[in-house]
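Trainee: Just start-v8.cif, nothing more (mmCIF, C-alpha atoms and all ligand atoms):
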data_protein
#
loop_
_atom_site.label_atom_id
_atom_site.label_comp_id
_atom_site.auth_asym_id
_atom_site.auth_seq_id
_atom_site.Cartn_x
_atom_site.Cartn_y
_atom_site.Cartn_z
CA MET U 1468 -22.41 72.25 -40.29
CA GLU U 1469 -23.81 75.01 -42.44
CA LEU U 1470 -27.20 76.40 -41.57
CA LYS U 1471 -28.64 75.35 -44.94
CA ASP U 1472 -27.89 71.72 -44.05
CA PHE U 1473 -29.55 71.89 -40.63
CA GLY U 1474 -31.97 69.00 -40.15
CA LYS U 1475 -30.93 67.19 -43.35
CA LYS U 1476 -29.53 64.48 -41.12
CA PRO U 1477 -30.55 63.62 -37.53
CA ILE U 1478 -29.32 66.19 -35.05
CA PHE U 1479 -29.58 66.34 -31.27
CA MET U 1480 -29.35 69.72 -29.56
CA PRO U 1481 -28.53 69.93 -25.85
CA ASP U 1482 -30.22 72.66 -23.85
CA ALA U 1483 -28.12 75.63 -22.91
CA THR U 1484 -31.01 77.32 -21.15
CA ARG U 1485 -29.08 80.28 -19.76
CA GLY U 1486 -26.27 80.28 -22.30
CA ALA U 1487 -24.36 77.24 -21.08
CA VAL U 1488 -24.86 73.49 -21.08
CA ARG U 1489 -24.58 73.08 -17.34
CA GLY U 1490 -21.09 72.07 -16.26
CA LEU U 1491 -19.52 72.10 -19.74
CA THR U 1492 -17.24 74.52 -21.55
CA THR U 1493 -17.71 75.34 -25.22
CA ASP U 1494 -14.59 73.33 -26.11
CA GLN U 1495 -16.05 70.28 -24.40
CA LEU U 1496 -19.26 70.66 -26.42
CA LYS U 1497 -17.24 70.74 -29.63
CA GLU U 1498 -15.18 67.71 -28.60
CA ILE U 1499 -18.38 65.74 -27.93
CA GLY U 1500 -19.51 66.54 -31.47
CA VAL U 1501 -22.34 68.94 -30.61
CA GLU U 1502 -23.21 71.05 -33.67
CA ALA U 1503 -26.18 73.03 -32.35
CA PHE U 1504 -27.82 73.85 -29.04
CA VAL U 1505 -31.08 75.38 -27.83
CA THR U 1506 -31.15 78.41 -25.60
CA ASN U 1507 -34.11 79.96 -23.84
CA THR U 1508 -35.49 83.33 -24.83
CA LEU U 1509 -37.41 84.10 -21.64
CA HIS U 1510 -34.59 83.10 -19.29
CA LEU U 1511 -32.04 85.17 -21.21
CA MET U 1512 -34.47 88.10 -21.25
CA MET U 1513 -34.58 87.91 -17.46
CA SER U 1514 -30.86 87.55 -17.02
CA PRO U 1515 -28.70 89.16 -18.25
CA GLY U 1516 -31.27 90.77 -20.60
CA GLU U 1517 -31.35 90.83 -24.39
CA ASP U 1518 -29.88 94.35 -24.64
CA ILE U 1519 -26.86 93.37 -22.58
CA ILE U 1520 -26.33 90.26 -24.69
CA ALA U 1521 -26.54 92.41 -27.83
CA GLN U 1522 -24.08 94.96 -26.39
CA ASN U 1523 -21.69 92.08 -25.71
CA GLY U 1524 -21.87 90.95 -29.32
CA GLY U 1525 -24.51 88.23 -28.99
CA ILE U 1526 -24.62 84.80 -27.42
CA LYS U 1527 -22.28 83.21 -29.97
CA LYS U 1528 -19.53 85.71 -29.27
CA LEU U 1529 -20.04 85.39 -25.51
CA MET U 1530 -19.80 81.62 -25.75
CA ASP U 1531 -17.07 81.57 -28.43
CA TRP U 1532 -19.39 79.25 -30.35
CA ASP U 1533 -19.14 78.91 -34.12
CA GLY U 1534 -21.84 76.25 -34.39
CA ILE U 1535 -25.59 76.77 -34.63
CA VAL U 1536 -27.85 78.32 -31.99
CA LEU U 1537 -31.59 77.81 -31.91
CA THR U 1538 -33.62 80.01 -29.58
CA ASP U 1539 -37.00 78.87 -28.43
CA SER U 1540 -39.66 81.56 -28.52
CA GLY U 1541 -40.78 81.53 -24.90
CA GLY U 1542 -43.91 79.68 -26.02
CA PHE U 1543 -43.25 76.69 -23.83
CA GLN U 1544 -42.96 78.98 -20.81
CA VAL U 1545 -46.42 80.35 -21.66
CA PHE U 1546 -47.55 76.89 -20.63
CA SER U 1547 -44.99 75.86 -18.01
CA LEU U 1548 -45.14 79.12 -16.06
CA ILE U 1549 -48.48 80.83 -16.78
CA HIS U 1550 -50.99 78.11 -17.70
CA THR U 1551 -49.80 75.97 -14.78
CA GLY U 1552 -50.14 78.91 -12.39
CA LYS U 1553 -46.50 78.70 -11.22
CA TRP U 1554 -46.03 82.34 -12.08
CA LYS U 1555 -48.50 85.15 -12.14
CA GLY U 1556 -49.22 86.32 -15.64
CA LYS U 1557 -51.75 86.17 -18.39
CA VAL U 1558 -52.11 85.20 -22.00
CA THR U 1559 -54.15 87.38 -24.32
CA ASN U 1560 -54.57 87.44 -28.08
CA ASN U 1561 -51.71 89.92 -28.19
CA GLY U 1562 -49.16 87.78 -26.32
CA ALA U 1563 -48.12 86.73 -22.84
CA ILE U 1564 -47.23 88.71 -19.75
CA PHE U 1565 -45.00 87.08 -17.13
CA LYS U 1566 -44.38 88.28 -13.59
CA ALA U 1567 -41.15 86.91 -12.11
CA PRO U 1568 -41.92 85.65 -8.59
CA THR U 1569 -38.54 86.60 -7.11
CA THR U 1570 -38.17 90.13 -8.42
CA GLY U 1571 -41.76 91.03 -9.32
CA ASP U 1572 -40.45 92.23 -12.69
CA ILE U 1573 -42.85 92.06 -15.61
CA TYR U 1574 -41.84 90.55 -18.95
CA GLU U 1575 -44.03 90.84 -21.98
CA LEU U 1576 -43.71 88.57 -24.98
CA THR U 1577 -45.69 89.46 -28.05
CA PRO U 1578 -44.92 87.75 -31.36
CA GLU U 1579 -42.96 90.81 -32.50
CA LYS U 1580 -41.11 91.16 -29.20
CA SER U 1581 -40.15 87.49 -29.27
CA ILE U 1582 -38.52 87.98 -32.69
CA ASP U 1583 -36.76 91.17 -31.50
CA VAL U 1584 -35.37 89.39 -28.43
CA GLN U 1585 -34.20 86.38 -30.45
CA MET U 1586 -32.48 88.73 -32.90
CA LYS U 1587 -30.71 90.51 -30.04
CA ILE U 1588 -29.62 87.22 -28.51
CA GLY U 1589 -28.07 86.49 -31.90
CA SER U 1590 -29.68 83.17 -32.66
CA ASP U 1591 -29.35 81.40 -36.05
CA ILE U 1592 -32.72 79.67 -35.97
CA LEU U 1593 -35.62 81.62 -34.54
CA VAL U 1594 -38.89 80.07 -33.42
CA THR U 1595 -42.29 81.77 -33.60
CA LEU U 1596 -44.21 82.41 -30.38
CA ASP U 1597 -46.92 79.81 -29.81
CA ASP U 1598 -49.68 79.22 -27.30
CA CYS U 1599 -48.57 75.95 -25.72
CA ARG U 1600 -51.05 74.20 -23.39
CA ASP U 1601 -51.47 71.12 -21.29
CA THR U 1602 -52.21 67.77 -22.87
CA ASP U 1603 -55.86 67.13 -21.91
CA LEU U 1604 -57.54 70.16 -23.45
CA THR U 1605 -61.18 70.59 -24.27
CA ARG U 1606 -61.85 71.00 -27.95
CA LYS U 1607 -62.59 74.67 -27.39
CA GLU U 1608 -59.28 75.25 -25.60
CA ALA U 1609 -57.38 73.39 -28.31
CA GLU U 1610 -59.10 75.47 -30.99
CA GLU U 1611 -58.14 78.67 -29.18
CA SER U 1612 -54.53 77.52 -28.87
CA VAL U 1613 -54.36 76.64 -32.58
CA HIS U 1614 -55.98 79.92 -33.62
CA ARG U 1615 -53.52 81.95 -31.56
CA THR U 1616 -50.54 79.88 -32.63
CA ILE U 1617 -51.31 80.49 -36.32
CA GLU U 1618 -52.03 84.18 -35.76
CA TRP U 1619 -48.82 84.69 -33.77
CA ALA U 1620 -46.77 82.73 -36.31
CA TYR U 1621 -48.09 85.00 -39.06
CA ARG U 1622 -47.19 88.09 -37.03
CA CYS U 1623 -43.69 86.71 -36.37
CA ARG U 1624 -43.19 85.93 -40.07
CA THR U 1625 -44.34 89.44 -41.07
CA HIS U 1626 -42.19 91.15 -38.46
CA PHE U 1627 -39.08 89.10 -39.28
CA ASP U 1628 -39.48 89.82 -42.99
CA LYS U 1629 -40.46 93.50 -42.82
CA GLU U 1630 -38.30 94.63 -39.92
CA TYR U 1631 -35.18 92.56 -40.60
CA GLY U 1632 -35.43 91.57 -44.27
CA GLY U 1633 -36.05 87.90 -43.51
CA THR U 1634 -33.57 85.14 -44.28
CA LYS U 1635 -32.24 87.02 -47.32
CA GLU U 1636 -30.88 89.91 -45.25
CA THR U 1637 -30.11 88.14 -41.97
CA GLY U 1638 -28.98 84.69 -43.11
CA LYS U 1639 -31.12 83.31 -40.27
CA LEU U 1640 -33.92 80.76 -40.39
CA LEU U 1641 -37.43 81.15 -39.00
CA SER U 1642 -39.28 78.06 -37.82
CA CYS U 1643 -42.72 77.58 -36.30
CA VAL U 1644 -44.54 75.32 -33.85
CA VAL U 1645 -47.59 73.17 -34.60
CA GLN U 1646 -50.18 72.88 -31.82
CA GLY U 1647 -53.57 71.12 -31.62
CA ALA U 1648 -53.18 68.79 -28.63
CA ASN U 1649 -54.63 65.32 -29.32
CA TYR U 1650 -57.20 66.51 -31.88
CA LEU U 1651 -55.82 65.16 -35.13
CA ASP U 1652 -57.96 67.43 -37.32
CA LEU U 1653 -56.69 70.48 -35.40
CA ARG U 1654 -53.10 69.28 -35.73
CA GLU U 1655 -53.69 68.94 -39.47
CA LYS U 1656 -55.32 72.36 -39.76
CA CYS U 1657 -52.53 74.02 -37.77
CA ALA U 1658 -49.81 72.30 -39.83
CA LYS U 1659 -51.42 73.18 -43.17
CA GLU U 1660 -52.05 76.81 -42.31
CA LEU U 1661 -48.50 77.27 -41.03
CA ALA U 1662 -47.17 75.60 -44.19
CA ASN U 1663 -49.21 78.09 -46.23
CA ILE U 1664 -47.53 80.99 -44.42
CA GLY U 1665 -44.18 79.28 -45.08
CA PHE U 1666 -41.36 78.53 -42.64
CA ASP U 1667 -37.90 76.99 -42.71
CA GLY U 1668 -38.79 74.36 -40.13
CA TYR U 1669 -41.80 72.90 -38.34
CA GLY U 1670 -41.75 71.94 -34.68
CA PHE U 1671 -44.11 69.48 -33.06
CA GLY U 1672 -45.41 71.47 -30.07
CA GLY U 1673 -47.21 70.49 -26.90
CA PHE U 1674 -46.82 67.18 -25.17
CA VAL U 1675 -44.81 64.51 -26.93
CA VAL U 1676 -45.79 61.70 -24.58
CA ASP U 1677 -49.18 60.76 -23.18
CA LYS U 1678 -50.12 60.00 -19.59
CA GLU U 1679 -48.61 56.50 -19.90
CA ASN U 1680 -45.37 58.14 -21.07
CA LYS U 1681 -45.86 56.79 -24.61
CA LEU U 1682 -44.86 58.85 -27.64
CA VAL U 1683 -47.94 60.44 -29.26
CA VAL U 1684 -47.28 58.73 -32.58
CA ASP U 1685 -50.63 59.56 -34.28
CA GLU U 1686 -50.33 63.28 -33.54
CA MET U 1687 -46.71 63.36 -34.60
CA GLU U 1688 -47.49 61.52 -37.82
CA THR U 1689 -50.31 63.93 -38.68
CA VAL U 1690 -48.00 66.91 -38.26
CA ALA U 1691 -45.17 65.28 -40.22
CA ASN U 1692 -47.54 64.36 -43.07
CA ASN U 1693 -48.92 67.89 -43.36
CA THR U 1694 -45.68 69.87 -43.34
CA PRO U 1695 -43.27 70.28 -46.28
CA ASP U 1696 -40.66 67.53 -46.63
CA ASP U 1697 -37.95 69.90 -47.83
CA LYS U 1698 -38.01 71.75 -44.46
CA PHE U 1699 -36.73 70.45 -41.15
CA LYS U 1700 -39.13 68.74 -38.75
CA TYR U 1701 -38.34 69.21 -35.12
CA ALA U 1702 -39.64 66.83 -32.44
CA MET U 1703 -39.42 69.34 -29.60
CA GLY U 1704 -38.56 67.74 -26.29
CA VAL U 1705 -38.03 64.24 -27.74
CA GLY U 1706 -36.69 62.44 -25.87
CA LYS U 1707 -35.71 58.98 -24.77
CA PRO U 1708 -33.49 57.11 -27.25
CA GLU U 1709 -36.31 54.74 -28.29
CA ASP U 1710 -38.69 57.70 -28.81
CA ILE U 1711 -36.10 59.46 -30.97
CA ILE U 1712 -35.80 56.36 -33.14
CA ASP U 1713 -39.62 56.21 -33.54
CA ALA U 1714 -39.94 59.96 -34.22
CA HIS U 1715 -37.20 59.71 -36.84
CA LYS U 1716 -39.20 57.00 -38.64
CA LEU U 1717 -42.12 59.46 -38.81
CA GLY U 1718 -39.94 62.07 -40.55
CA TYR U 1719 -38.42 64.07 -37.68
CA ASN U 1720 -34.71 64.84 -37.75
CA VAL U 1721 -34.24 67.49 -35.05
CA PHE U 1722 -34.38 66.64 -31.35
CA ASP U 1723 -33.72 68.14 -27.94
CA THR U 1724 -34.44 67.19 -24.36
CA VAL U 1725 -33.25 68.36 -20.98
CA LEU U 1726 -33.26 64.72 -19.83
CA VAL U 1727 -29.83 63.86 -21.23
CA THR U 1728 -27.98 66.40 -19.12
CA ARG U 1729 -30.34 66.28 -16.14
CA ASN U 1730 -30.07 62.49 -15.95
CA ALA U 1731 -26.29 62.79 -16.09
CA ARG U 1732 -26.19 65.13 -13.10
CA HIS U 1733 -28.43 62.75 -11.15
CA GLY U 1734 -26.26 59.75 -12.00
CA SER U 1735 -28.44 58.05 -14.63
CA LEU U 1736 -25.93 57.23 -17.35
CA TYR U 1737 -26.63 55.61 -20.71
CA SER U 1738 -24.71 52.41 -21.28
CA LYS U 1739 -25.14 49.59 -23.78
CA ASP U 1740 -23.32 47.36 -21.26
CA VAL U 1741 -26.29 47.09 -18.90
CA GLU U 1742 -29.86 45.90 -19.24
CA GLY U 1743 -32.26 48.70 -20.12
CA ASN U 1744 -29.27 50.78 -21.27
CA VAL U 1745 -29.32 52.97 -18.15
CA LEU U 1746 -26.65 52.60 -15.49
CA HIS U 1747 -27.37 54.11 -12.08
CA ILE U 1748 -23.86 55.11 -11.16
CA LYS U 1749 -24.70 55.88 -7.53
CA ASN U 1750 -25.51 52.21 -6.85
CA SER U 1751 -23.07 50.54 -4.46
CA GLU U 1752 -22.23 47.84 -7.03
CA TYR U 1753 -20.03 50.43 -8.81
CA THR U 1754 -17.90 51.31 -5.76
CA THR U 1755 -14.93 49.31 -7.06
CA ASP U 1756 -15.93 48.81 -10.72
CA GLU U 1757 -12.90 49.49 -12.92
CA LYS U 1758 -14.80 49.38 -16.22
CA PRO U 1759 -15.75 52.55 -18.14
CA ILE U 1760 -19.39 53.70 -18.07
CA ASP U 1761 -19.92 52.20 -21.52
CA SER U 1762 -17.35 50.00 -23.25
CA HIS U 1763 -18.72 51.12 -26.68
CA CYS U 1764 -18.20 54.82 -25.96
CA ASP U 1765 -15.28 56.97 -27.14
CA CYS U 1766 -15.92 59.97 -24.86
CA TYR U 1767 -13.33 61.57 -22.60
CA ALA U 1768 -14.99 60.14 -19.47
CA CYS U 1769 -15.04 56.58 -20.81
CA LYS U 1770 -11.50 56.76 -22.22
CA HIS U 1771 -9.93 57.90 -18.96
CA PHE U 1772 -12.06 57.02 -15.93
CA SER U 1773 -13.67 54.07 -14.18
CA ARG U 1774 -17.24 53.70 -12.98
CA ALA U 1775 -15.74 53.63 -9.48
CA TYR U 1776 -14.29 57.13 -9.85
CA ILE U 1777 -17.47 58.64 -11.31
CA HIS U 1778 -19.55 56.79 -8.68
CA HIS U 1779 -17.47 58.44 -5.98
CA LEU U 1780 -17.59 61.94 -7.54
CA ILE U 1781 -21.34 61.94 -8.15
CA LYS U 1782 -22.03 60.64 -4.64
CA ALA U 1783 -19.77 63.34 -3.22
CA ASN U 1784 -21.57 65.98 -5.31
CA GLU U 1785 -18.33 66.97 -7.01
CA MET U 1786 -18.85 69.25 -10.00
CA THR U 1787 -16.26 67.27 -11.97
CA GLY U 1788 -18.41 64.16 -11.62
CA MET U 1789 -21.38 65.96 -13.14
CA THR U 1790 -19.19 67.26 -15.94
CA LEU U 1791 -17.85 63.79 -16.78
CA ALA U 1792 -21.35 62.29 -16.60
CA THR U 1793 -22.75 65.03 -18.87
CA ILE U 1794 -19.92 64.57 -21.40
CA HIS U 1795 -20.72 60.87 -21.54
CA ASN U 1796 -24.51 61.16 -21.85
CA LEU U 1797 -24.25 63.78 -24.59
CA ARG U 1798 -21.71 61.71 -26.50
CA TYR U 1799 -24.09 58.74 -26.26
CA TYR U 1800 -26.76 60.86 -27.98
CA MET U 1801 -24.32 62.03 -30.66
CA MET U 1802 -23.53 58.39 -31.45
CA LEU U 1803 -27.27 57.61 -31.45
CA MET U 1804 -27.72 60.27 -34.16
CA ASP U 1805 -24.93 58.70 -36.24
CA ASN U 1806 -26.55 55.28 -35.86
CA ILE U 1807 -29.97 56.55 -36.92
CA ALA U 1808 -28.44 58.28 -39.93
CA ALA U 1809 -26.61 55.10 -40.96
CA ASN U 1810 -29.69 52.87 -40.79
ZN ZN M 1 -18.64 57.77 -22.59
#
Mind turning this structure into structure tokens?
Ligand SMILES: [Zn+2]

Mentor:
Amino acid sequence: MELKDFGKKPIFMPDATRGAVRGLTTDQLKEIGVEAFVTNTLHLMMSPGEDIIAQNGGIKKLMDWDGIVLTDSGGFQVFSLIHTGKWKGKVTNNGAIFKAPTTGDIYELTPEKSIDVQMKIGSDILVTLDDCRDTDLTRKEAEESVHRTIEWAYRCRTHFDKEYGGTKETGKLLSCVVQGANYLDLREKCAKELANIGFDGYGFGGFVVDKENKLVVDEMETVANNTPDDKFKYAMGVGKPEDIIDAHKLGYNVFDTVLVTRNARHGSLYSKDVEGNVLHIKNSEYTTDEKPIDSHCDCYACKHFSRAYIHHLIKANEMTGMTLATIHNLRYYMMLMDNIAAN
């Protein structure tokens, strides 16, 4: 797929947090039909470091990947590491400072630094730094998050254009993230102001499900309705197959979630053959089951191996079992994208 066509049809991106989809080779990703993946700016900054990646020719050369790479900005880690208190650090109007608990090393992400790091990683689609927060924010906290998110997006846009010549010189896209928690007027304000600055794509940021694990449809609709329709709309972190279908109806075409690969490693496999479409391969009922994981699936695991074999491998913690399970779950999502596009 060419970059200019990104998001024109539904696309699911697996997470290659540290430069690999866990357990899979690049050839396996291609065979599954993966066209783009997400990699993590902060984690790659920590190891091996953006300068080392640049010296080695960038992440695409390292991975021998000719598809599309999207880097997140580190914005989600502002929430998941700093706001939750997991790591020491602080967020100011200028950016975020992280202190790694194991090494004590300090990492600073300003809007400009985030763009510089993403450029060094060699991403195709950059994301602006945002101030991501928890779901139940006070109005004041949500206003602060929106204000910073817009300010940082503007600084990223300016830096990308002035320092690198923007899309014209780099051939890369710059997308942004809409915040505002569950305040619909703040979501609208954030979306409109970001659209005024102008980006190639608009991500729905923050929490995509509420406390009952239901997709936040009203918030997502507000963001979709207030961002340009000729740019891609990215439902960040969505999600379960049924949530992807609902988000697509609202106008979103770009999806990612760690669940697909994480579930695979834990033995939760998608299968249209069972009720609820999730097959728990570790269950004893599969000990001698000769059927494939999913009789509708054309993946390598389903074409060659029985549930019994994968049951055994996953129970025995064999890496090959996790690889086969991951191949299957990702292929299931690729077929889901084709189905959504066809309907
Ligand atoms: Zn399969």

Trainee: Using all atoms listed in the file, which residue out of U:Lys1681, U:Leu1576, U:Asp1652, U:Ile1499 lies closest to ligand ZN 1 (chain M)?

Mentor: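 Answer, going by the shortest atom-to-atom distance: U:Ile1499.
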
Trainee: Rank nothing, just name the residue among U:Ile1617, U:Leu1537, U:Leu1496, U:Ala1731 nearest to Tyr1701 of chain U, using all atoms listed in the file.

Mentor: U:Leu1537

Trainee: Where's the centre, and what are the edge lengths in Å to one decimal, of a box along x, y and z enclosing all listed atoms of segment 1576-1581 of chain U padded 3 Å per side, as JSON?

Mentor:
{"center_x": -42.9, "center_y": 89.3, "center_z": -28.7, "size_x": 11.5, "size_y": 9.7, "size_z": 13.5}

Trainee: Which residues of segment 1553-1647 of chain U have any atom within 9 Å of an atom in segment 1501-1514 of chain U when counting all atoms listed in the file, and what is the closest pair of atoms for each, with the distance in Å to one decimal? Order the rows by chain and rising number and write it as a tab-separated table.

Mentor:
residue	atom	partner	partner_atom	distance
U:Ala1567	CA	U:Met1513	CA	8.5
U:Asp1572	CA	U:Met1513	CA	8.7
U:Tyr1574	CA	U:Met1513	CA	7.9
U:Leu1576	CA	U:Leu1509	CA	8.4
U:Ser1581	CA	U:Thr1508	CA	7.7
U:Val1584	CA	U:Thr1508	CA	7.0
U:Gln1585	CA	U:Thr1508	CA	6.5
U:Ile1588	CA	U:Thr1508	CA	7.9
U:Ser1590	CA	U:Thr1506	CA	8.6

Trainee: Return the single residue from U:Ala1662, U:Cys1657, U:Ala1792, U:Leu1746 that is closest to Arg1615 of chain U, with distances computed using only C-alpha atoms.

Mentor: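 The closest residue to Arg1615 of chain U is U:Cys1657.
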
Trainee: Would you please work out which residue, of U:Asn1750, U:Thr1605, U:Asn1560, U:Thr1616, is nearest to Gly1542 of chain U when using all atoms listed in the file?

Mentor: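 Ranked by minimum distance to Gly1542 of chain U, first place goes to U:Thr1616.
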
Trainee: Go through U:Ala1775, U:Leu1736, U:Leu1604, U:Ile1592 and flag the residue nearest Ser1751 of chain U, using all atoms listed in the file for the distances.

Mentor: U:Ala1775

Trainee: Which polymer residues have any atom within 12 Å of an atom of Gln1522 of chain U, counting all atoms listed in the file, with same-chain residues fewer than 6 positions away left out, as a PDB file with C-alpha atoms, in the frame of the given file?

Mentor:
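File written: result12.pdb
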ATOM      1  CA  PRO U1515     -28.700  89.160 -18.250  1.00  0.00           C
ATOM      2  CA  GLY U1516     -31.270  90.770 -20.600  1.00  0.00           C
ATOM      3  CA  LYS U1528     -19.530  85.710 -29.270  1.00  0.00           C
ATOM      4  CA  LEU U1529     -20.040  85.390 -25.510  1.00  0.00           C
ATOM      5  CA  LYS U1587     -30.710  90.510 -30.040  1.00  0.00           C
ATOM      6  CA  ILE U1588     -29.620  87.220 -28.510  1.00  0.00           C
ATOM      7  CA  GLY U1589     -28.070  86.490 -31.900  1.00  0.00           C
TER       8      GLY U1589
END

Trainee: Measuring between all atoms listed in the file, which one of U:Lys1656, U:His1763, U:Arg1729, U:His1795 shows the shortest distance to Asp1482 of chain U?

Mentor: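 Using all atoms listed in the file, Asp1482 of chain U sits closest to U:Arg1729.
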
Trainee: Give me the residues of chain U that have any atom at most 12 Å from an atom of ligand ZN 1 (chain M); for each, the nearest atom pair and the distance in Å, rounded to one decimal. Use all atoms listed in the file, sort by chain and number, and format it as JSON lines.

Mentor:
{"residue": "U:Ile1499", "atom": "CA", "partner": "M:ZN1", "partner_atom": "ZN", "distance": 9.6}
{"residue": "U:Ala1731", "atom": "CA", "partner": "M:ZN1", "partner_atom": "ZN", "distance": 11.2}
{"residue": "U:Leu1736", "atom": "CA", "partner": "M:ZN1", "partner_atom": "ZN", "distance": 9.0}
{"residue": "U:Tyr1737", "atom": "CA", "partner": "M:ZN1", "partner_atom": "ZN", "distance": 8.5}
{"residue": "U:Ser1738", "atom": "CA", "partner": "M:ZN1", "partner_atom": "ZN", "distance": 8.2}
{"residue": "U:Lys1739", "atom": "CA", "partner": "M:ZN1", "partner_atom": "ZN", "distance": 10.5}
{"residue": "U:Asp1740", "atom": "CA", "partner": "M:ZN1", "partner_atom": "ZN", "distance": 11.5}
{"residue": "U:Leu1746", "atom": "CA", "partner": "M:ZN1", "partner_atom": "ZN", "distance": 11.9}
{"residue": "U:Lys1758", "atom": "CA", "partner": "M:ZN1", "partner_atom": "ZN", "distance": 11.2}
{"residue": "U:Pro1759", "atom": "CA", "partner": "M:ZN1", "partner_atom": "ZN", "distance": 7.4}
{"residue": "U:Ile1760", "atom": "CA", "partner": "M:ZN1", "partner_atom": "ZN", "distance": 6.1}
{"residue": "U:Asp1761", "atom": "CA", "partner": "M:ZN1", "partner_atom": "ZN", "distance": 5.8}
{"residue": "U:Ser1762", "atom": "CA", "partner": "M:ZN1", "partner_atom": "ZN", "distance": 7.9}
{"residue": "U:His1763", "atom": "CA", "partner": "M:ZN1", "partner_atom": "ZN", "distance": 7.8}
{"residue": "U:Cys1764", "atom": "CA", "partner": "M:ZN1", "partner_atom": "ZN", "distance": 4.5}
{"residue": "U:Asp1765", "atom": "CA", "partner": "M:ZN1", "partner_atom": "ZN", "distance": 5.7}
{"residue": "U:Cys1766", "atom": "CA", "partner": "M:ZN1", "partner_atom": "ZN", "distance": 4.2}
{"residue": "U:Tyr1767", "atom": "CA", "partner": "M:ZN1", "partner_atom": "ZN", "distance": 6.5}
{"residue": "U:Ala1768", "atom": "CA", "partner": "M:ZN1", "partner_atom": "ZN", "distance": 5.4}
{"residue": "U:Cys1769", "atom": "CA", "partner": "M:ZN1", "partner_atom": "ZN", "distance": 4.2}
{"residue": "U:Lys1770", "atom": "CA", "partner": "M:ZN1", "partner_atom": "ZN", "distance": 7.2}
{"residue": "U:His1771", "atom": "CA", "partner": "M:ZN1", "partner_atom": "ZN", "distance": 9.4}
{"residue": "U:Phe1772", "atom": "CA", "partner": "M:ZN1", "partner_atom": "ZN", "distance": 9.4}
{"residue": "U:Ser1773", "atom": "CA", "partner": "M:ZN1", "partner_atom": "ZN", "distance": 10.4}
{"residue": "U:Arg1774", "atom": "CA", "partner": "M:ZN1", "partner_atom": "ZN", "distance": 10.5}
{"residue": "U:Ile1777", "atom": "CA", "partner": "M:ZN1", "partner_atom": "ZN", "distance": 11.4}
{"residue": "U:Thr1790", "atom": "CA", "partner": "M:ZN1", "partner_atom": "ZN", "distance": 11.6}
{"residue": "U:Leu1791", "atom": "CA", "partner": "M:ZN1", "partner_atom": "ZN", "distance": 8.4}
{"residue": "U:Ala1792", "atom": "CA", "partner": "M:ZN1", "partner_atom": "ZN", "distance": 8.0}
{"residue": "U:Thr1793", "atom": "CA", "partner": "M:ZN1", "partner_atom": "ZN", "distance": 9.1}
{"residue": "U:Ile1794", "atom": "CA", "partner": "M:ZN1", "partner_atom": "ZN", "distance": 7.0}
{"residue": "U:His1795", "atom": "CA", "partner": "M:ZN1", "partner_atom": "ZN", "distance": 3.9}
{"residue": "U:Asn1796", "atom": "CA", "partner": "M:ZN1", "partner_atom": "ZN", "distance": 6.8}
{"residue": "U:Leu1797", "atom": "CA", "partner": "M:ZN1", "partner_atom": "ZN", "distance": 8.5}
{"residue": "U:Arg1798", "atom": "CA", "partner": "M:ZN1", "partner_atom": "ZN", "distance": 6.3}
{"residue": "U:Tyr1799", "atom": "CA", "partner": "M:ZN1", "partner_atom": "ZN", "distance": 6.6}
{"residue": "U:Tyr1800", "atom": "CA", "partner": "M:ZN1", "partner_atom": "ZN", "distance": 10.2}
{"residue": "U:Met1801", "atom": "CA", "partner": "M:ZN1", "partner_atom": "ZN", "distance": 10.7}
{"residue": "U:Met1802", "atom": "CA", "partner": "M:ZN1", "partner_atom": "ZN", "distance": 10.1}

Trainee: Just give me the gap between atom CA of Leu1640 of chain U and atom CA of Lys1475 of chain U in Å, one decimal is fine.

Mentor: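 Atom CA of Lys1475 of chain U lies at a distance of 14.2 Å from atom CA of Leu1640 of chain U.
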
Trainee: State, in Å with one decimal place, the distance from atom CA of Val1613 of chain U to atom CA of Cys1599 of chain U.

Mentor: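 Interatomic distance, atom CA of Val1613 of chain U to atom CA of Cys1599 of chain U: 9.0 Å.
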
Trainee: Neighbours of Gly1638 of chain U within 9 Å (only C-alpha atoms; same-chain residues fewer than 5 positions away dropped), as a list in words?

Mentor: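 Answer for this query is Leu1470, Asp1591 and Gly1633 of chain U.
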
Trainee: What is the atom CA of Phe1543 of chain U-atom CA of Ser1642 of chain U distance in Å, reported with one decimal?

Mentor: 14.6 Å
